[in-house]
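Participant: After the structure tokens below, expect a handful of questions from me.
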2 protein chains.
Amino acid sequence: MYLSKSIEELVNEFSKLPGVGKKTAFRYTLHFLNSTMDDNTKFSQAITRLKQNIKNCSVCQSPNDFDTCEICRNPVRNHRQICVIESYKDLVAIENTQQFFGVYHVLGGIISPIDGIGPNDLNIKELIGRIDNEQTELIMALNPTIEGDTTIYYLTNLLRDKNVKITTISRGVAFGSELEYTDDLTLGRSIQARQPYEQLINK
Amino acid sequence: MYLSKSIEELVNEFSKLPGVGKKTAFRYTLHFLNSTMDDNTKFSQAITRLKQNIKNCSVCQSPNDFDTCEICRNPVRNHRQICVIESYKDLVAIENTQQFFGVYHVLGGIISPIDGIGPNDLNIKELIGRIDNEQTELIMALNPTIEGDTTIYYLTNLLRDKNVKITTISRGVAFGSELEYTDDLTLGRSIQARQPYEQLINK
């Protein structure tokens with residue numbers, strides 16, 4: 001009951017956003033009702049421009065404004081260390097840690113037979129194309145799930161004869177979590193993959 | 001660090017929404033990055049259309065698509081019972097209760113000297129214009145704050161000589177709240193304004 005088709009329409013559009021219900025959508029709509037026509041135009045242009053301007057980097061496949069992204073063009077970064085990720089949001093998450101100085105490769109998904117996603121649906125051909133004769137480290141930074149592990153297994157097999165060293169990000173108990181509530185698999189692995197204490201305090 | 005000006009721009013636009021931080025804004029932006037150009041166009045059109053199509057109802061001043069809103073045009077509703085509200089979102093909240101069958105008047109704000117809002121900034125002239133010789137009930141449904149009370153006081157004085165009956169929505173302890181944590185003013189008032197039990201169970 002909004003008295004207006006235009007208001008209802010925008011509420012419905014906002015409800016499509018992840019985690020947004022009718023109440024929040026209405027709150028957002030009111031914001032646009034109360035702001036200036038200019039501000040609203042700026043907003044709607046930003047949405048339209050997004051898809052028009054964005055292309056995938058020809059090297060790492062992450063979305064950006066150029067043919068080749070800033071990270072792939074940066075000579076200071078280590079181009080022999082490729083962090084393999086599922087999607088662009090993982091790139092942003094890892095960049096925010098400021099702990100990684102190599103480059104990325106966005107798979108654009110993960111092997112998941114249930115969802116009908118096979119190796120051919122991912123940017124694997126492009127990854128293979130990036131690997132030359134010089135030794136390269138592939139850091140698998142995929143979500144710790146069955147699908148993630150399947151993808152790592154598939155890539156490891158595929159790259160068996162190449163000059164690559166495959167590593168995965170470490171798994172274990174997260175900082176601030178409680179051992180009591182950690183699942184068996186994680187806790188078991190964290191004991192198997194225990195690290196010298198000096199390594200922890202030096203980080 | 002988003003690699004792209006277009007992405008950063010949209011994240012910034014979303015951050016302007018009430019209660020939206022950078023993380024949520026980025027999540028919304030990714031949604032638009034992954035949806036189709038058509039869907040994005042529909043969304044941005046809904047935002048542009050909002051301001052173009054919406055006008056304030058000539059009677060109650062609420063935003064709607066016509067010169068006079070659905071509620072004010074509805075002959076079934078009681079036009080001698082006007083619910084005075086601060087803004088349109090209160091109208092939606094009250095309509096959702098399905099307990100009110102009169103009409104509304106949107107003040108478009110509340111008297112607040114601190115924010116520099118005086119009676120002339122509100123739709124008070126329009127409210128006076130709606131009152132004829134026949135008796136009318138004005139239900140003051142303003143937020144229970146100093147500013148709300150000031151506004152009710154001002155209107156009561158202004159309408160002293162008119163044939164109006166002024167009431168306010170009841171104040172008291174909210175359903176599901178705990179007496180222990182209710183502030184003194186509310187708890188005191190709720191005892192003063194106690195109601196016969198039969199009235200409660202008949203509702």
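Residue names in the structure tokens use chain letters A, B, ... in the order shown, residue numbers from 1 in each chain, and ligand numbers from 1 in the order shown.
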Pick out the residues sitting within 8 Å of Met140 (chain B), and hand them over as a list in words; count only C-alpha atoms, and ignore anything fewer than 3 positions along from it in its own chain.

Facilitator: Cys83, Val84, Ile85, Ile152, Ile166, Thr167, Thr168 and Ile169 of chain B

Participant: Please identify all polymer residues within 12 Å of Lys23 (chain B), counting only C-alpha atoms, omitting same-chain residues fewer than 4 positions from it, and present them as a CSV table (one decimal) with N, CA and C atoms, in the first residue's frame.

Facilitator:
```csv
chain,number,residue,atom,x,y,z
A,89,LYS,N,35.1,-10.6,-5.9
A,89,LYS,CA,35.0,-10.1,-4.5
A,89,LYS,C,36.1,-10.7,-3.6
A,92,VAL,N,39.1,-8.3,-4.0
A,92,VAL,CA,38.9,-7.1,-3.1
A,92,VAL,C,39.2,-7.5,-1.7
A,93,ALA,N,38.7,-8.6,-1.2
A,93,ALA,CA,39.0,-9.1,0.2
A,93,ALA,C,40.5,-9.3,0.4
A,96,ASN,N,42.5,-6.0,0.4
A,96,ASN,CA,42.3,-5.3,1.7
A,96,ASN,C,43.2,-5.7,2.8
B,2,TYR,N,39.1,-1.0,-5.9
B,2,TYR,CA,38.1,-1.8,-6.6
B,2,TYR,C,38.6,-2.0,-8.1
B,8,GLU,N,33.8,1.9,-8.2
B,8,GLU,CA,33.9,2.8,-7.0
B,8,GLU,C,32.8,3.8,-7.0
B,11,VAL,N,29.6,2.1,-5.7
B,11,VAL,CA,29.8,1.9,-4.3
B,11,VAL,C,29.6,3.2,-3.5
B,12,ASN,N,30.1,4.3,-4.0
B,12,ASN,CA,30.0,5.5,-3.3
B,12,ASN,C,28.5,6.0,-3.3
B,14,PHE,N,25.8,4.0,-3.4
B,14,PHE,CA,25.1,3.2,-2.5
B,14,PHE,C,25.4,3.5,-1.1
B,15,SER,N,26.6,4.0,-0.8
B,15,SER,CA,27.0,4.3,0.6
B,15,SER,C,26.2,5.5,1.1
B,19,GLY,N,21.9,3.7,6.5
B,19,GLY,CA,22.3,2.5,7.1
B,19,GLY,C,23.2,1.6,6.2
B,27,ARG,N,28.5,-5.0,-2.0
B,27,ARG,CA,27.7,-6.2,-2.2
B,27,ARG,C,26.6,-5.9,-3.2
B,28,TYR,N,26.0,-4.7,-3.0
B,28,TYR,CA,24.9,-4.3,-4.0
B,28,TYR,C,25.5,-4.0,-5.4
B,29,THR,N,26.7,-3.4,-5.4
B,29,THR,CA,27.3,-3.2,-6.7
B,29,THR,C,27.6,-4.4,-7.4
B,30,LEU,N,28.1,-5.5,-6.7
B,30,LEU,CA,28.4,-6.8,-7.3
B,30,LEU,C,27.1,-7.4,-7.9
```

Participant: Within 8 Å of chain B, which residues of chain A are there when counting only C-alpha atoms? Please give them as a ChimeraX atom specification.

Facilitator: /A:1-7,9-10,13,17-18,27-28,30-33,37,40-41,43-51,53-54,63-65,69-71,89,92,95-96

Participant: Let me make sure I understand: among A:Leu158, A:Ile146, A:Cys72, A:Val173, which one has the smallest atom-to-atom distance to Tyr104 (chain A) if we use only C-alpha atoms?

Facilitator: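 Of A:Leu158, A:Ile146, A:Cys72, A:Val173, the one nearest Tyr104 (chain A), counting only C-alpha atoms, is A:Cys72.
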
Participant: Fit chain A to chain B, all Cα atoms paired in order, least squares. Then write it as a CSV table (one decimal) with C-alpha atoms, in the first residue's frame.

Facilitator:
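File result.csv, as written:
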```csv
chain,number,residue,atom,x,y,z
A,1,MET,CA,40.7,-0.8,-4.2
A,2,TYR,CA,38.2,-1.9,-6.8
A,3,LEU,CA,40.3,-1.8,-10.0
A,4,SER,CA,37.5,0.3,-11.7
A,5,LYS,CA,36.3,3.8,-11.5
A,6,SER,CA,32.7,2.7,-12.5
A,7,ILE,CA,32.6,0.2,-9.7
A,8,GLU,CA,34.0,2.7,-7.2
A,9,GLU,CA,31.4,5.3,-8.3
A,10,LEU,CA,28.5,3.0,-7.8
A,11,VAL,CA,29.8,1.8,-4.4
A,12,ASN,CA,30.0,5.5,-3.4
A,13,GLU,CA,26.5,6.1,-4.6
A,14,PHE,CA,25.1,3.2,-2.6
A,15,SER,CA,27.0,4.3,0.5
A,16,LYS,CA,24.8,7.4,0.6
A,17,LEU,CA,21.7,5.2,1.4
A,18,PRO,CA,20.7,5.2,5.0
A,19,GLY,CA,22.4,2.4,7.0
A,20,VAL,CA,24.6,1.3,4.1
A,21,GLY,CA,28.4,1.0,4.6
A,22,LYS,CA,31.1,0.3,2.1
A,23,LYS,CA,30.8,-3.5,2.4
A,24,THR,CA,27.1,-3.6,1.8
A,25,ALA,CA,27.5,-1.0,-1.0
A,26,PHE,CA,30.0,-3.3,-2.7
A,27,ARG,CA,27.7,-6.3,-2.3
A,28,TYR,CA,24.9,-4.3,-4.1
A,29,THR,CA,27.3,-3.2,-6.8
A,30,LEU,CA,28.3,-6.8,-7.5
A,31,HIS,CA,24.7,-7.6,-7.9
A,32,PHE,CA,24.4,-5.1,-10.7
A,33,LEU,CA,27.7,-6.3,-12.2
A,34,ASN,CA,26.3,-9.8,-12.4
A,35,SER,CA,22.8,-8.9,-13.6
A,36,THR,CA,21.8,-8.2,-17.2
A,37,MET,CA,22.0,-4.8,-18.9
A,38,ASP,CA,18.2,-4.9,-19.2
A,39,ASP,CA,17.6,-5.4,-15.5
A,40,ASN,CA,20.0,-2.6,-14.7
A,41,THR,CA,18.3,-0.2,-17.2
A,42,LYS,CA,14.9,-1.1,-15.6
A,43,PHE,CA,16.3,-0.2,-12.2
A,44,SER,CA,17.9,3.1,-13.2
A,45,GLN,CA,14.6,4.0,-15.0
A,46,ALA,CA,12.6,3.3,-11.8
A,47,ILE,CA,14.9,5.8,-10.0
A,48,THR,CA,14.6,8.5,-12.7
A,49,ARG,CA,10.8,8.0,-13.0
A,50,LEU,CA,10.2,8.3,-9.3
A,51,LYS,CA,10.8,12.1,-9.1
A,52,GLN,CA,9.2,12.7,-12.6
A,53,ASN,CA,5.9,11.0,-11.8
A,54,ILE,CA,5.4,11.8,-8.2
A,55,LYS,CA,3.3,14.8,-7.1
A,56,ASN,CA,1.9,15.7,-3.7
A,57,CYS,CA,-1.8,15.0,-3.2
A,58,SER,CA,-3.6,18.4,-3.4
A,59,VAL,CA,-5.6,17.5,-0.3
A,60,CYS,CA,-3.4,15.5,2.1
A,61,GLN,CA,0.0,16.3,0.6
A,62,SER,CA,1.2,12.7,0.5
A,63,PRO,CA,3.3,11.7,-2.5
A,64,ASN,CA,1.3,9.8,-5.2
A,65,ASP,CA,0.8,9.5,-9.0
A,66,PHE,CA,-2.3,11.8,-9.3
A,67,ASP,CA,-3.5,15.2,-8.3
A,68,THR,CA,-5.5,13.7,-5.6
A,69,CYS,CA,-4.5,10.5,-3.9
A,70,GLU,CA,-6.4,7.2,-3.7
A,71,ILE,CA,-7.2,7.6,0.0
A,72,CYS,CA,-8.6,11.2,-0.5
A,73,ARG,CA,-10.7,10.1,-3.5
A,74,ASN,CA,-12.1,7.1,-1.6
A,75,PRO,CA,-15.8,7.8,-0.7
A,76,VAL,CA,-15.8,4.8,1.7
A,77,ARG,CA,-13.2,6.4,4.0
A,78,ASN,CA,-14.3,8.8,6.8
A,79,HIS,CA,-13.3,12.3,5.6
A,80,ARG,CA,-14.3,13.8,8.9
A,81,GLN,CA,-11.5,12.0,10.7
A,82,ILE,CA,-8.1,13.4,9.7
A,83,CYS,CA,-4.9,11.7,11.0
A,84,VAL,CA,-2.2,14.3,11.1
A,85,ILE,CA,1.3,12.8,10.5
A,86,GLU,CA,4.8,14.0,10.2
A,87,SER,CA,5.7,12.3,6.9
A,88,TYR,CA,4.6,9.8,4.3
A,89,LYS,CA,6.3,6.9,5.9
A,90,ASP,CA,4.0,7.2,8.9
A,91,LEU,CA,1.0,6.9,6.5
A,92,VAL,CA,2.4,3.6,5.2
A,93,ALA,CA,3.0,2.4,8.8
A,94,ILE,CA,-0.6,3.3,9.9
A,95,GLU,CA,-2.2,1.8,6.7
A,96,ASN,CA,-0.3,-1.4,7.3
A,97,THR,CA,-2.1,-1.8,10.7
A,98,GLN,CA,-5.5,-1.8,8.8
A,99,GLN,CA,-7.0,-0.1,11.9
A,100,PHE,CA,-7.7,3.3,10.5
A,101,PHE,CA,-10.4,4.2,8.0
A,102,GLY,CA,-10.3,8.0,8.0
A,103,VAL,CA,-8.0,10.2,5.9
A,104,TYR,CA,-4.5,11.7,6.4
A,105,HIS,CA,-2.7,15.0,6.4
A,106,VAL,CA,1.0,15.0,5.9
A,107,LEU,CA,2.7,18.0,7.7
A,108,GLY,CA,6.0,17.4,5.9
A,109,GLY,CA,7.9,17.8,9.1
A,110,ILE,CA,7.5,18.8,12.7
A,111,ILE,CA,8.1,22.1,14.5
A,112,SER,CA,11.7,22.1,15.7
A,113,PRO,CA,13.4,25.4,16.5
A,114,ILE,CA,16.8,23.7,16.9
A,115,ASP,CA,16.6,22.6,13.2
A,116,GLY,CA,15.1,25.9,12.2
A,117,ILE,CA,11.8,24.4,11.2
A,118,GLY,CA,8.8,26.7,12.1
A,119,PRO,CA,5.1,26.4,11.4
A,120,ASN,CA,5.5,28.1,8.0
A,121,ASP,CA,7.7,25.3,6.8
A,122,LEU,CA,4.9,22.8,7.3
A,123,ASN,CA,1.7,22.0,5.4
A,124,ILE,CA,-0.4,23.7,8.1
A,125,LYS,CA,-2.1,26.2,5.8
A,126,GLU,CA,-3.3,23.3,3.8
A,127,LEU,CA,-4.6,21.6,6.9
A,128,ILE,CA,-6.6,24.7,8.0
A,129,GLY,CA,-8.0,24.9,4.4
A,130,ARG,CA,-9.5,21.4,4.9
A,131,ILE,CA,-11.5,22.3,7.9
A,132,ASP,CA,-15.0,23.5,7.3
A,133,ASN,CA,-18.0,24.1,9.6
A,134,GLU,CA,-18.9,20.5,10.1
A,135,GLN,CA,-17.2,18.8,13.1
A,136,THR,CA,-13.9,17.1,12.3
A,137,GLU,CA,-11.7,14.9,14.5
A,138,LEU,CA,-7.9,15.5,14.1
A,139,ILE,CA,-6.0,12.6,15.3
A,140,MET,CA,-2.4,13.7,16.1
A,141,ALA,CA,-0.2,10.7,15.2
A,142,LEU,CA,3.1,12.5,15.7
A,143,ASN,CA,6.2,10.9,17.2
A,144,PRO,CA,6.2,11.1,21.1
A,145,THR,CA,9.0,13.7,21.3
A,146,ILE,CA,9.3,17.3,22.6
A,147,GLU,CA,9.0,18.4,18.9
A,148,GLY,CA,5.9,16.3,18.4
A,149,ASP,CA,4.3,17.7,21.6
A,150,THR,CA,5.2,21.3,20.6
A,151,THR,CA,3.5,20.8,17.2
A,152,ILE,CA,0.4,19.4,18.8
A,153,TYR,CA,0.3,22.3,21.2
A,154,TYR,CA,0.7,24.8,18.3
A,155,LEU,CA,-2.0,23.2,16.2
A,156,THR,CA,-4.4,23.0,19.2
A,157,ASN,CA,-4.0,26.7,19.9
A,158,LEU,CA,-4.4,27.6,16.2
A,159,LEU,CA,-7.6,25.6,15.9
A,160,ARG,CA,-9.1,26.8,19.1
A,161,ASP,CA,-12.1,28.5,17.5
A,162,LYS,CA,-12.8,25.8,14.9
A,163,ASN,CA,-15.3,23.0,15.1
A,164,VAL,CA,-12.6,20.3,15.7
A,165,LYS,CA,-12.0,17.7,18.2
A,166,ILE,CA,-8.3,17.0,18.7
A,167,THR,CA,-7.1,13.6,19.9
A,168,THR,CA,-3.7,12.0,20.0
A,169,ILE,CA,-2.7,8.4,19.5
A,170,SER,CA,-2.4,6.7,22.9
A,171,ARG,CA,1.0,6.5,24.6
A,172,GLY,CA,2.0,3.8,27.0
A,173,VAL,CA,4.1,0.7,27.2
A,174,ALA,CA,4.5,-1.1,23.8
A,175,PHE,CA,3.4,-4.6,23.3
A,176,GLY,CA,6.2,-7.0,24.1
A,177,SER,CA,8.3,-4.5,26.1
A,178,GLU,CA,9.3,-4.8,29.7
A,179,LEU,CA,8.1,-2.5,32.4
A,180,GLU,CA,11.5,-2.6,34.1
A,181,TYR,CA,13.2,-0.9,31.1
A,182,THR,CA,10.4,1.5,30.3
A,183,ASP,CA,11.4,5.2,31.0
A,184,ASP,CA,9.7,7.0,33.9
A,185,LEU,CA,7.7,9.4,31.7
A,186,THR,CA,6.1,6.7,29.6
A,187,LEU,CA,5.4,4.4,32.6
A,188,GLY,CA,4.0,7.3,34.6
A,189,ARG,CA,1.7,8.3,31.7
A,190,SER,CA,0.6,4.7,31.2
A,191,ILE,CA,-0.7,4.6,34.7
A,192,GLN,CA,-2.4,8.0,34.5
A,193,ALA,CA,-4.0,7.0,31.2
A,194,ARG,CA,-5.0,3.5,32.3
A,195,GLN,CA,-7.9,1.9,30.5
A,196,PRO,CA,-10.8,-0.4,31.5
A,197,TYR,CA,-9.7,-4.0,30.8
A,198,GLU,CA,-12.7,-4.8,28.7
A,199,GLN,CA,-11.6,-2.1,26.2
A,200,LEU,CA,-8.3,-3.9,25.8
A,201,ILE,CA,-9.8,-7.4,25.2
A,202,ASN,CA,-12.4,-6.1,22.8
A,203,LYS,CA,-9.7,-4.8,20.5
```

Participant: Which residues in region 21-85 of chain B does DSSP call strand (DSSP E or B)? List them as number ranges by chain.

Facilitator: B: 55-56, 63-64, 78-85

Participant: Please dump the current selection as a short mmCIF file (atom, residue, chain, number, x, y, z; two decimals), in the first residue's frame; keep C-alpha atoms.

Facilitator:
```cif
data_model
loop_
_atom_site.label_atom_id
_atom_site.label_comp_id
_atom_site.auth_asym_id
_atom_site.auth_seq_id
_atom_site.Cartn_x
_atom_site.Cartn_y
_atom_site.Cartn_z
CA LYS B 55 3.26 14.77 -7.13
CA ASN B 56 1.85 15.67 -3.73
CA PRO B 63 3.24 11.70 -2.56
CA ASN B 64 1.27 9.82 -5.23
CA ASN B 78 -14.36 8.86 6.83
CA HIS B 79 -13.37 12.34 5.63
CA ARG B 80 -14.33 13.90 8.98
CA GLN B 81 -11.51 12.02 10.69
CA ILE B 82 -8.10 13.39 9.67
CA CYS B 83 -4.96 11.70 10.93
CA VAL B 84 -2.19 14.33 11.13
CA ILE B 85 1.23 12.80 10.48
#
```
